[in-house]
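Asks: So that we are looking at the same thing, I have put the structure below in structure tokens.
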Number of protein chains: 2
Amino acid sequence: MAGAIQPLRWDGEALLLLDQTRLPHEERWLRCVTVEEVAAAIREMRVRGAPAIGLAAAAGMALAAAEAAREGRDLAEALQQAGSTLGATRPTAVNLYWALDRAWEVARTAHDPRDAAERLRRLVAELLDRQRESDLAIAEHGAALLPPGARVLTHCNTGALATGGYGTALGIVRRAHELGKLAIVYVDESRPRLQGARLTAWELLRAGVPFRLIVDAAASSLIARGMVDAVVVGADRIAANGDVANKIGTLALALAASRYGIPFFVAAPLSTFDPATPSGASIEIEERDAEEVLYVGKERVAPEGSAVFNPAFDVTPAALVTAIVTEAGVVSSPVGERLHALAGELVPRRHS
Amino acid sequence: MAGAIQPLRWDGEALLLLDQTRLPHEERWLRCVTVEEVAAAIREMRVRGAPAIGLAAAAGMALAAAEAAREGRDLAEALQQAGSTLGATRPTAVNLYWALDRAWEVARTAHDPRDAAERLRRLVAELLDRQRESDLAIAEHGAALLPPGARVLTHCNTGALATGGYGTALGIVRRAHELGKLAIVYVDESRPRLQGARLTAWELLRAGVPFRLIVDAAASSLIARGMVDAVVVGADRIAANGDVANKIGTLALALAASRYGIPFFVAAPLSTFDPATPSGASIEIEERDAEEVLYVGKERVAPEGSAVFNPAFDVTPAALVTAIVTEAGVVSSPVGERLHALAGELVPRRHS
């Protein structure tokens with residue numbers, strides 16, 4: 001596939017990450033061989049995007065199990081510790097906890113620490129493979145929803161960099177482009193971390209997809225001016241009632257889409273669905289450092305003494321979501337109940 | 001008044017401008033003695049904000065008349081040329097054309113070029129004085145609309161830097177603070193030029209007003225979470241039907257305010273009202289350089305080859321505006337007709 005990126009690689013001994021804080025200016029790879037290195041990479045957003053965070057967390061568990069086996073440490077204790085280190089990195093994306101749950105289930109059935117480490121190694125490889133299949137299914141389902149000559153607006157980065165596969169919302173955009181259905185995609189720059197400007201633009205250039213970068217504040221205006229046929233975004237957590245937590249700025253797009261009558265699609269694997277969270281009101285919204293707002297790279301923008309409020313995510317109420325595009329199909333409004341039915345056994349119990 | 005700023009000064013021979021592209025890191029003054037220097041300062045946004053642009057344009061006309069008188073050039077021709085140079089700098093803010101109209105009217109009644117230059121000199125001084133009075137009246141009317149302990153959200157910069165006086169929307173915020181009514185003001189950073197982060201934060205720190213800086217994309221979420229009691233913004237042009245052109249990102253605030261049931265106030269002098277523009281659809285929206293989005297200061301954010309769409313303003317439909325706060329009083333919805341009545345003779349015919 002043209003411009004294919006594999007930003008997460010797993011060789012059984014190490015997790016290789018394309019450092020997303022260095023893009024687009026530098027393509028630098030990180031090699032994580034301990035759970036602490038993986039946790040730091042997640043915390044510092046060297047790997048990011050809800051599905052990719054989940055994959056990295058699974059790799060962290062595998063590395064912790066391998067270390068316990070090598071050093072003759074108690075496996076349960078080692079995994080407990082690893083799970084709590086990884087679980088504390090970023091609170092909003094539920095895929096992280098989903099992956100930790102999967103790792104626990106796999107480890108539980110093992111004969112001994114060495115067997116557990118081996119099973120976890122295979123789990124990571126399987127999850128990576130499955131992510132790609134799941135992403136491609138989402139892309140196919142989502143592209144089918146778009147009209148010919150579609151002008152799409154997207155937010156943040158939901159491409160291969162965010163999932164380790166083909167992407168969720170951006171996978172739909174790429175697939176629509178491959179099918180000749182895409183006229184253009186408008187990309188929100190996505191302050192404060194500028195994932196749109198830095199990462200999505202980088203991916204779209206590689207894939208040859210026509211795009212125009214805009215500031216986040218311009219998105220509502222483009223929608224109001226009739227320049228956009230559909231909004232397509234990802235998700236970090238979808239509550240039981242269908243409320244969607246996603247990158248800060250998503251709610252504004254949903255409000256504009258609703259007001260001006262264009263569809264608002266959320267693309268996410270079923271692992272993003274969290275039946276243990278009743279509604280958006282109970283989703284913990286991560287607040288990040290003031291520095292992210294006070295600086296852009298090394299450039300200080302606001303004067304000394306400025307106070308900042310920097311929530312990383314917002315919640316879009318289910319009522320504003322036209323449909324959620326999952327690997328198992330498209331869930332139309334009202335999304336809450338239907339997601340439950342679709343997810344069924346696919347969604348394991350929540351890691352406590 | 002604590003923290004008073006006089007970013008536009010007029011000594012009859014020159015327009016002195018606090019260079020807004022250098023703030024908050026450096027307080028550098030520019031001295032403009034020709035119309036070309038004034039036009040360049042407007043174009044490069046060294047002076048900005050609809051009312052301040054109007055004042056600068058009037059000063060440019062005065063400087064052109066003085067030069068014509070000194071050099072014995074034809075006054076009408078010199079003013080024609082000056083008007084067209086200044087009029088081409090920034091198309092959206094109508095205060096610019098309003099000021100050019102005023103200058104024409106004053107020049108027309110003069111006996112000779114020297115008399116015209118003298119009258120225009122006085123006009124600039126008068127407009128500066130009147131701006132301050134007008135701003136203070138807006139601040140008083142607007143602060144009265146806010147509840148005790150008000151949590152306000154504002155966008156871009158609408159302070160003394162934007163008007164040369166006390167500010168419009170930010171004047172209301174300052175006045176509310178002086179009256180002990182303000183709990184906090186949330187300040188949108190206002191990409192791409194970051195007037196909120198650079199200029200509004202600078203003004204609020206000087207005035208001792210408590211604030212928190214947020215990325216533009218966070219504003220809707222704060223409103224949805226019940227953290228904001230009122231949105232207060234400025235305007236670059238208000239059409240005959242009450243539609244409001246203002247800094248890109250304003251529409252998103254209006255949509256969120258409407259959805260979550262908080263008032264959306266627009267603060268603007270009557271010179272911002274343009275009866276010659278029937279509705280927002282006929283307002284020319286300035287598109288600015290791609291560089292503004294591709295870079296933050298010297299920091300390049302998006303990869304080479306990225307295309308950009310960079311509209312500087314958006315249009316908020318009159319239906320989403322709770323009230324427009326002018327120096328002559330508060331105009332409640334439906335704003336279009338009532339503004340007409342209030343503006344009456346104050347609004348001169350549109351400069352062609």
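Within each chain, counting starts at residue 1; across the structure tokens, chains are named A, B, ... in the order shown, with ligands numbered 1 upward in that order.
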With 6 Å as the limit and counting only C-alpha atoms, what residues in chain B lie close to chain A? Please list them as a ChimeraX atom specification.

Replies: /B:24,197-198,212-214,217-218,220-221,248-249,252,301-303,307-309,314

Asks: Near stretch 53-60 of chain B, counting only C-alpha atoms, which residues have an atom at most 9 Å away, once you skip same-chain residues fewer than 4 positions from it, shown as a ChimeraX atom specification?

Replies: /B:8,10,12,14-15,17,32-39,41-42,47-49,64-65,82-83,86-87,90,93-100,102-103,120-121,123-125,127-128,131,162-164

Asks: Output the coordinates of chain A after least-squares fitting to chain B on all in-order C-alpha pairs, as a tab-separated table (two decimals) with C-alpha atoms, in the first residue's frame.

Replies:
chain	number	residue	atom	x	y	z
A	1	MET	CA	-6.45	53.67	35.98
A	2	ALA	CA	-4.31	50.66	36.94
A	3	GLY	CA	-2.36	49.16	34.09
A	4	ALA	CA	-3.55	51.76	31.60
A	5	ILE	CA	-2.03	51.31	28.17
A	6	GLN	CA	-1.92	53.85	25.39
A	7	PRO	CA	-0.76	51.77	22.47
A	8	LEU	CA	-1.70	54.42	19.86
A	9	ARG	CA	-0.41	57.94	20.33
A	10	TRP	CA	-0.74	60.92	18.06
A	11	ASP	CA	1.44	63.97	18.41
A	12	GLY	CA	0.20	65.75	15.29
A	13	GLU	CA	3.38	64.90	13.37
A	14	ALA	CA	3.52	61.15	13.76
A	15	LEU	CA	1.49	58.12	14.79
A	16	LEU	CA	3.26	56.21	17.56
A	17	LEU	CA	2.37	52.54	17.73
A	18	LEU	CA	3.29	49.91	20.29
A	19	ASP	CA	4.37	47.17	17.86
A	20	GLN	CA	1.94	44.32	18.54
A	21	THR	CA	3.96	41.74	16.64
A	22	ARG	CA	6.70	42.09	19.29
A	23	LEU	CA	4.48	41.66	22.34
A	24	PRO	CA	4.55	40.19	24.91
A	25	HIS	CA	8.31	39.73	24.80
A	26	GLU	CA	9.36	43.23	23.77
A	27	GLU	CA	7.70	46.65	24.08
A	28	ARG	CA	8.90	48.38	20.96
A	29	TRP	CA	7.43	51.60	19.60
A	30	LEU	CA	7.06	52.42	15.92
A	31	ARG	CA	6.95	55.99	14.69
A	32	CYS	CA	4.96	56.35	11.44
A	33	VAL	CA	5.31	59.67	9.60
A	34	THR	CA	3.99	58.69	6.16
A	35	VAL	CA	0.81	57.06	4.94
A	36	GLU	CA	2.89	54.19	3.54
A	37	GLU	CA	4.36	53.52	6.97
A	38	VAL	CA	0.88	53.48	8.49
A	39	ALA	CA	-0.43	51.15	5.77
A	40	ALA	CA	2.49	48.78	6.29
A	41	ALA	CA	1.90	48.76	10.06
A	42	ILE	CA	-1.75	47.79	9.48
A	43	ARG	CA	-0.91	45.18	6.85
A	44	GLU	CA	1.76	43.58	9.06
A	45	MET	CA	-0.57	43.71	12.06
A	46	ARG	CA	1.79	45.90	14.09
A	47	VAL	CA	-1.45	47.72	14.84
A	48	ARG	CA	-4.61	45.61	14.79
A	49	GLY	CA	-8.15	45.42	16.14
A	50	ALA	CA	-10.98	46.98	14.17
A	51	PRO	CA	-11.23	50.30	16.09
A	52	ALA	CA	-7.44	50.74	16.27
A	53	ILE	CA	-7.16	50.09	12.54
A	54	GLY	CA	-9.74	52.85	12.01
A	55	LEU	CA	-7.75	55.30	14.14
A	56	ALA	CA	-4.51	54.42	12.39
A	57	ALA	CA	-6.19	54.94	9.01
A	58	ALA	CA	-7.40	58.40	10.06
A	59	ALA	CA	-3.84	59.23	11.11
A	60	GLY	CA	-2.61	58.00	7.73
A	61	MET	CA	-4.99	60.42	6.00
A	62	ALA	CA	-3.78	63.29	8.19
A	63	LEU	CA	-0.16	62.46	7.37
A	64	ALA	CA	-1.00	62.32	3.65
A	65	ALA	CA	-2.71	65.74	3.82
A	66	ALA	CA	0.24	67.25	5.68
A	67	GLU	CA	2.63	65.91	3.07
A	68	ALA	CA	0.47	67.27	0.21
A	69	ALA	CA	0.36	70.69	1.90
A	70	ARG	CA	4.14	70.71	2.41
A	71	GLU	CA	4.91	69.65	-1.13
A	72	GLY	CA	2.20	71.70	-2.83
A	73	ARG	CA	0.54	68.58	-4.28
A	74	ASP	CA	-3.15	68.34	-5.16
A	75	LEU	CA	-4.97	67.52	-1.94
A	76	ALA	CA	-7.87	65.53	-3.42
A	77	GLU	CA	-5.47	63.40	-5.41
A	78	ALA	CA	-3.21	62.82	-2.41
A	79	LEU	CA	-6.15	61.81	-0.21
A	80	GLN	CA	-7.60	59.61	-2.94
A	81	GLN	CA	-4.31	57.78	-3.19
A	82	ALA	CA	-3.88	57.55	0.58
A	83	GLY	CA	-7.45	56.26	0.96
A	84	SER	CA	-6.92	53.57	-1.62
A	85	THR	CA	-3.58	52.49	-0.09
A	86	LEU	CA	-5.11	52.31	3.39
A	87	GLY	CA	-8.37	50.77	2.17
A	88	ALA	CA	-6.47	47.89	0.56
A	89	THR	CA	-4.65	46.83	3.74
A	90	ARG	CA	-7.32	44.72	5.41
A	91	PRO	CA	-10.74	44.17	3.88
A	92	THR	CA	-12.92	42.89	6.72
A	93	ALA	CA	-12.93	45.52	9.49
A	94	VAL	CA	-15.39	48.22	8.44
A	95	ASN	CA	-14.04	50.76	10.94
A	96	LEU	CA	-11.23	51.32	8.47
A	97	TYR	CA	-13.65	52.56	5.80
A	98	TRP	CA	-15.64	54.46	8.39
A	99	ALA	CA	-12.50	56.37	9.38
A	100	LEU	CA	-11.62	57.07	5.75
A	101	ASP	CA	-15.13	58.46	5.26
A	102	ARG	CA	-14.75	60.72	8.28
A	103	ALA	CA	-11.43	61.97	6.97
A	104	TRP	CA	-12.96	62.75	3.57
A	105	GLU	CA	-15.83	64.69	5.14
A	106	VAL	CA	-13.45	66.77	7.23
A	107	ALA	CA	-11.09	67.45	4.33
A	108	ARG	CA	-13.98	68.50	2.07
A	109	THR	CA	-14.90	71.45	4.30
A	110	ALA	CA	-11.34	72.81	4.40
A	111	HIS	CA	-10.29	76.14	2.79
A	112	ASP	CA	-6.93	74.90	1.51
A	113	PRO	CA	-4.53	71.96	1.86
A	114	ARG	CA	-2.88	73.42	4.95
A	115	ASP	CA	-6.27	73.93	6.61
A	116	ALA	CA	-7.26	70.38	5.63
A	117	ALA	CA	-4.10	68.97	7.18
A	118	GLU	CA	-4.78	70.92	10.36
A	119	ARG	CA	-8.40	69.75	10.53
A	120	LEU	CA	-7.35	66.13	9.94
A	121	ARG	CA	-4.74	66.43	12.69
A	122	ARG	CA	-7.47	67.51	15.08
A	123	LEU	CA	-9.79	64.76	13.82
A	124	VAL	CA	-7.27	62.09	14.79
A	125	ALA	CA	-6.90	63.56	18.29
A	126	GLU	CA	-10.69	63.79	18.63
A	127	LEU	CA	-11.25	60.22	17.42
A	128	LEU	CA	-8.70	58.97	19.95
A	129	ASP	CA	-10.43	60.84	22.76
A	130	ARG	CA	-13.83	59.72	21.62
A	131	GLN	CA	-12.67	56.10	21.31
A	132	ARG	CA	-11.74	56.10	24.96
A	133	GLU	CA	-15.09	57.58	26.01
A	134	SER	CA	-16.92	55.15	23.75
A	135	ASP	CA	-14.95	52.20	25.13
A	136	LEU	CA	-15.70	53.23	28.72
A	137	ALA	CA	-19.41	53.47	27.90
A	138	ILE	CA	-19.34	50.00	26.32
A	139	ALA	CA	-17.51	48.65	29.37
A	140	GLU	CA	-20.11	50.11	31.71
A	141	HIS	CA	-23.10	48.85	29.70
A	142	GLY	CA	-21.54	45.42	29.28
A	143	ALA	CA	-20.40	44.91	32.86
A	144	ALA	CA	-23.98	45.58	33.97
A	145	LEU	CA	-25.11	42.54	31.97
A	146	LEU	CA	-22.84	40.14	33.86
A	147	PRO	CA	-23.90	38.28	37.01
A	148	PRO	CA	-21.89	38.62	40.26
A	149	GLY	CA	-18.95	36.22	40.30
A	150	ALA	CA	-19.07	36.05	36.52
A	151	ARG	CA	-16.93	33.51	34.69
A	152	VAL	CA	-16.45	34.99	31.26
A	153	LEU	CA	-14.91	33.56	28.09
A	154	THR	CA	-13.35	35.83	25.48
A	155	HIS	CA	-11.57	35.48	22.17
A	156	CYS	CA	-8.66	37.21	20.44
A	157	ASN	CA	-7.66	40.64	21.75
A	158	THR	CA	-10.25	43.36	22.23
A	159	GLY	CA	-8.42	45.42	24.84
A	160	ALA	CA	-6.69	48.77	24.73
A	161	LEU	CA	-4.35	47.30	22.13
A	162	ALA	CA	-7.29	46.70	19.80
A	163	THR	CA	-8.99	50.07	20.17
A	164	GLY	CA	-6.42	52.57	21.37
A	165	GLY	CA	-8.77	53.26	24.29
A	166	TYR	CA	-9.94	50.96	27.06
A	167	GLY	CA	-11.07	48.00	24.96
A	168	THR	CA	-14.45	46.65	23.86
A	169	ALA	CA	-15.11	43.06	25.02
A	170	LEU	CA	-11.99	43.15	27.19
A	171	GLY	CA	-13.04	46.56	28.49
A	172	ILE	CA	-16.22	44.90	29.79
A	173	VAL	CA	-14.10	42.23	31.46
A	174	ARG	CA	-11.82	44.85	33.05
A	175	ARG	CA	-14.77	46.93	34.22
A	176	ALA	CA	-16.46	43.84	35.71
A	177	HIS	CA	-13.21	43.14	37.55
A	178	GLU	CA	-13.05	46.73	38.89
A	179	LEU	CA	-16.64	46.35	40.08
A	180	GLY	CA	-15.73	43.11	41.89
A	181	LYS	CA	-18.08	41.12	39.66
A	182	LEU	CA	-15.55	38.99	37.80
A	183	ALA	CA	-14.47	35.58	39.10
A	184	ILE	CA	-12.30	34.70	36.11
A	185	VAL	CA	-11.93	35.22	32.40
A	186	TYR	CA	-10.95	32.34	30.12
A	187	VAL	CA	-8.87	33.58	27.22
A	188	ASP	CA	-8.78	31.74	23.89
A	189	GLU	CA	-5.21	31.79	22.59
A	190	SER	CA	-6.59	32.68	19.13
A	191	ARG	CA	-4.48	30.88	16.58
A	192	PRO	CA	-2.96	31.56	14.18
A	193	ARG	CA	-1.70	34.95	15.40
A	194	LEU	CA	-2.18	34.12	19.09
A	195	GLN	CA	-3.57	37.52	20.00
A	196	GLY	CA	-5.18	35.96	23.08
A	197	ALA	CA	-1.99	34.33	24.35
A	198	ARG	CA	0.31	37.19	23.41
A	199	LEU	CA	-1.77	40.34	23.82
A	200	THR	CA	-4.82	39.68	25.97
A	201	ALA	CA	-2.74	37.80	28.55
A	202	TRP	CA	-0.27	40.72	28.57
A	203	GLU	CA	-3.04	43.27	29.13
A	204	LEU	CA	-4.77	41.22	31.83
A	205	LEU	CA	-1.52	40.69	33.73
A	206	ARG	CA	-0.93	44.46	33.71
A	207	ALA	CA	-4.47	45.12	34.89
A	208	GLY	CA	-4.34	42.40	37.55
A	209	VAL	CA	-7.38	40.58	36.17
A	210	PRO	CA	-7.47	36.83	36.99
A	211	PHE	CA	-7.45	34.73	33.83
A	212	ARG	CA	-6.66	31.32	32.45
A	213	LEU	CA	-5.41	30.80	28.95
A	214	ILE	CA	-6.93	27.97	26.90
A	215	VAL	CA	-6.49	26.64	23.38
A	216	ASP	CA	-9.31	27.69	21.08
A	217	ALA	CA	-10.46	24.09	20.73
A	218	ALA	CA	-11.14	23.89	24.49
A	219	ALA	CA	-13.70	26.69	24.61
A	220	SER	CA	-16.80	24.67	23.64
A	221	SER	CA	-15.93	22.09	26.25
A	222	LEU	CA	-15.65	24.67	29.04
A	223	ILE	CA	-19.07	26.00	28.07
A	224	ALA	CA	-20.54	22.48	27.95
A	225	ARG	CA	-19.07	21.73	31.40
A	226	GLY	CA	-20.85	24.73	32.93
A	227	MET	CA	-17.63	26.63	33.60
A	228	VAL	CA	-18.66	29.80	31.75
A	229	ASP	CA	-21.50	32.26	32.48
A	230	ALA	CA	-21.15	34.44	29.39
A	231	VAL	CA	-19.14	34.77	26.19
A	232	VAL	CA	-18.03	38.31	25.33
A	233	VAL	CA	-16.30	39.06	22.03
A	234	GLY	CA	-15.61	42.02	19.77
A	235	ALA	CA	-16.54	42.54	16.11
A	236	ASP	CA	-14.84	43.60	12.90
A	237	ARG	CA	-18.04	44.31	11.04
A	238	ILE	CA	-21.73	44.04	11.89
A	239	ALA	CA	-24.01	43.70	8.87
A	240	ALA	CA	-27.38	45.43	8.52
A	241	ASN	CA	-29.20	42.26	9.60
A	242	GLY	CA	-27.03	41.89	12.72
A	243	ASP	CA	-24.66	39.17	11.44
A	244	VAL	CA	-21.25	39.63	13.06
A	245	ALA	CA	-17.86	39.18	11.37
A	246	ASN	CA	-15.16	38.65	13.96
A	247	LYS	CA	-11.87	36.81	14.48
A	248	ILE	CA	-11.92	33.23	13.24
A	249	GLY	CA	-13.24	30.99	16.01
A	250	THR	CA	-16.03	33.29	17.16
A	251	LEU	CA	-18.76	31.23	15.48
A	252	ALA	CA	-17.79	28.12	17.46
A	253	LEU	CA	-18.26	30.07	20.70
A	254	ALA	CA	-21.68	31.31	19.59
A	255	LEU	CA	-22.77	27.77	18.67
A	256	ALA	CA	-21.69	26.43	22.06
A	257	ALA	CA	-23.25	29.35	23.96
A	258	SER	CA	-26.53	28.81	22.14
A	259	ARG	CA	-26.51	25.05	22.68
A	260	TYR	CA	-25.73	25.28	26.40
A	261	GLY	CA	-27.90	28.31	27.14
A	262	ILE	CA	-25.45	31.03	28.12
A	263	PRO	CA	-25.48	34.56	26.69
A	264	PHE	CA	-23.27	35.51	23.76
A	265	PHE	CA	-22.44	39.23	23.84
A	266	VAL	CA	-20.77	41.22	21.08
A	267	ALA	CA	-19.09	44.48	22.17
A	268	ALA	CA	-18.45	47.03	19.44
A	269	PRO	CA	-18.65	50.76	18.80
A	270	LEU	CA	-21.35	51.87	16.36
A	271	SER	CA	-18.61	52.52	13.81
A	272	THR	CA	-18.43	48.72	13.43
A	273	PHE	CA	-22.03	48.64	12.18
A	274	ASP	CA	-22.20	48.65	8.40
A	275	PRO	CA	-25.68	49.35	7.02
A	276	ALA	CA	-24.28	49.00	3.48
A	277	THR	CA	-23.64	45.28	4.04
A	278	PRO	CA	-27.02	43.52	4.03
A	279	SER	CA	-25.86	40.29	5.73
A	280	GLY	CA	-22.84	38.26	6.69
A	281	ALA	CA	-22.89	36.57	3.29
A	282	SER	CA	-21.69	39.80	1.65
A	283	ILE	CA	-18.79	40.42	4.03
A	284	GLU	CA	-15.42	39.87	2.40
A	285	ILE	CA	-13.45	37.45	4.58
A	286	GLU	CA	-9.73	38.16	4.49
A	287	GLU	CA	-7.53	35.14	3.80
A	288	ARG	CA	-4.04	35.49	5.19
A	289	ASP	CA	-0.69	33.86	4.46
A	290	ALA	CA	-0.21	30.12	4.85
A	291	GLU	CA	2.91	30.93	6.88
A	292	GLU	CA	0.75	32.01	9.82
A	293	VAL	CA	-0.48	28.43	10.14
A	294	LEU	CA	2.71	26.63	9.07
A	295	TYR	CA	4.81	28.48	11.64
A	296	VAL	CA	4.47	29.69	15.21
A	297	GLY	CA	7.05	32.44	15.50
A	298	LYS	CA	10.19	30.86	14.11
A	299	GLU	CA	8.98	27.34	14.87
A	300	ARG	CA	7.88	25.44	11.76
A	301	VAL	CA	5.07	23.07	12.68
A	302	ALA	CA	3.76	21.39	9.51
A	303	PRO	CA	5.87	19.47	6.98
A	304	GLU	CA	7.05	20.96	3.68
A	305	GLY	CA	4.41	20.64	1.00
A	306	SER	CA	1.42	21.19	3.30
A	307	ALA	CA	-1.37	23.28	1.76
A	308	VAL	CA	-3.23	25.70	4.04
A	309	PHE	CA	-6.57	27.49	4.18
A	310	ASN	CA	-6.34	30.50	6.48
A	311	PRO	CA	-9.46	32.66	6.73
A	312	ALA	CA	-8.91	35.40	9.34
A	313	PHE	CA	-12.56	35.93	10.26
A	314	ASP	CA	-15.86	34.11	10.45
A	315	VAL	CA	-19.48	35.20	10.49
A	316	THR	CA	-21.81	34.58	13.41
A	317	PRO	CA	-25.47	34.74	12.39
A	318	ALA	CA	-27.53	37.38	14.19
A	319	ALA	CA	-29.81	34.66	15.58
A	320	LEU	CA	-26.96	33.44	17.81
A	321	VAL	CA	-26.19	36.89	19.24
A	322	THR	CA	-27.85	37.59	22.59
A	323	ALA	CA	-27.04	41.30	22.49
A	324	ILE	CA	-24.67	43.82	20.98
A	325	VAL	CA	-23.14	46.22	23.47
A	326	THR	CA	-22.45	49.65	21.93
A	327	GLU	CA	-21.41	53.00	23.39
A	328	ALA	CA	-25.02	54.15	22.97
A	329	GLY	CA	-26.52	51.20	24.83
A	330	VAL	CA	-27.31	47.52	24.61
A	331	VAL	CA	-29.08	46.23	21.52
A	332	SER	CA	-30.90	42.99	22.22
A	333	SER	CA	-31.95	40.39	19.72
A	334	PRO	CA	-33.22	40.86	17.00
A	335	VAL	CA	-30.21	43.08	16.67
A	336	GLY	CA	-30.35	44.13	13.01
A	337	GLU	CA	-33.29	46.52	13.04
A	338	ARG	CA	-32.59	47.90	16.48
A	339	LEU	CA	-28.99	48.70	15.62
A	340	HIS	CA	-30.24	50.69	12.65
A	341	ALA	CA	-32.47	52.79	14.87
A	342	LEU	CA	-29.72	53.34	17.43
A	343	ALA	CA	-27.01	54.10	14.93
A	344	GLY	CA	-29.19	56.60	13.06
A	345	GLU	CA	-27.17	59.61	12.01
A	346	LEU	CA	-24.05	58.32	13.75
A	347	VAL	CA	-23.24	56.08	10.84
A	348	PRO	CA	-22.09	58.02	7.80
A	349	ARG	CA	-22.58	56.77	4.27
A	350	ARG	CA	-20.17	54.07	3.18
A	351	HIS	CA	-16.94	55.18	1.53
A	352	SER	CA	-16.94	53.94	-2.06

Asks: Name the residues of stretch 63-121 of chain A that fall into helix (DSSP H, G or I) according to DSSP on the backbone, using the chain letters and numbers of this document, as JSON, numbers by chain.

Replies: {"A": [63, 64, 65, 66, 67, 68, 69, 70, 71, 75, 76, 77, 78, 79, 80, 81, 82, 83, 84, 85, 86, 87, 95, 96, 97, 98, 99, 100, 101, 102, 103, 104, 105, 106, 107, 108, 113, 114, 115, 116, 117, 118, 119, 120, 121]}

Asks: What residues in stretch 200-305 of chain A get the DSSP label strand (DSSP E)? Please answer as a PyMOL selection string.

Replies: chain A and resi 211-214+230-233+237-239+244-247+264-267+273-274+295-296+299-300
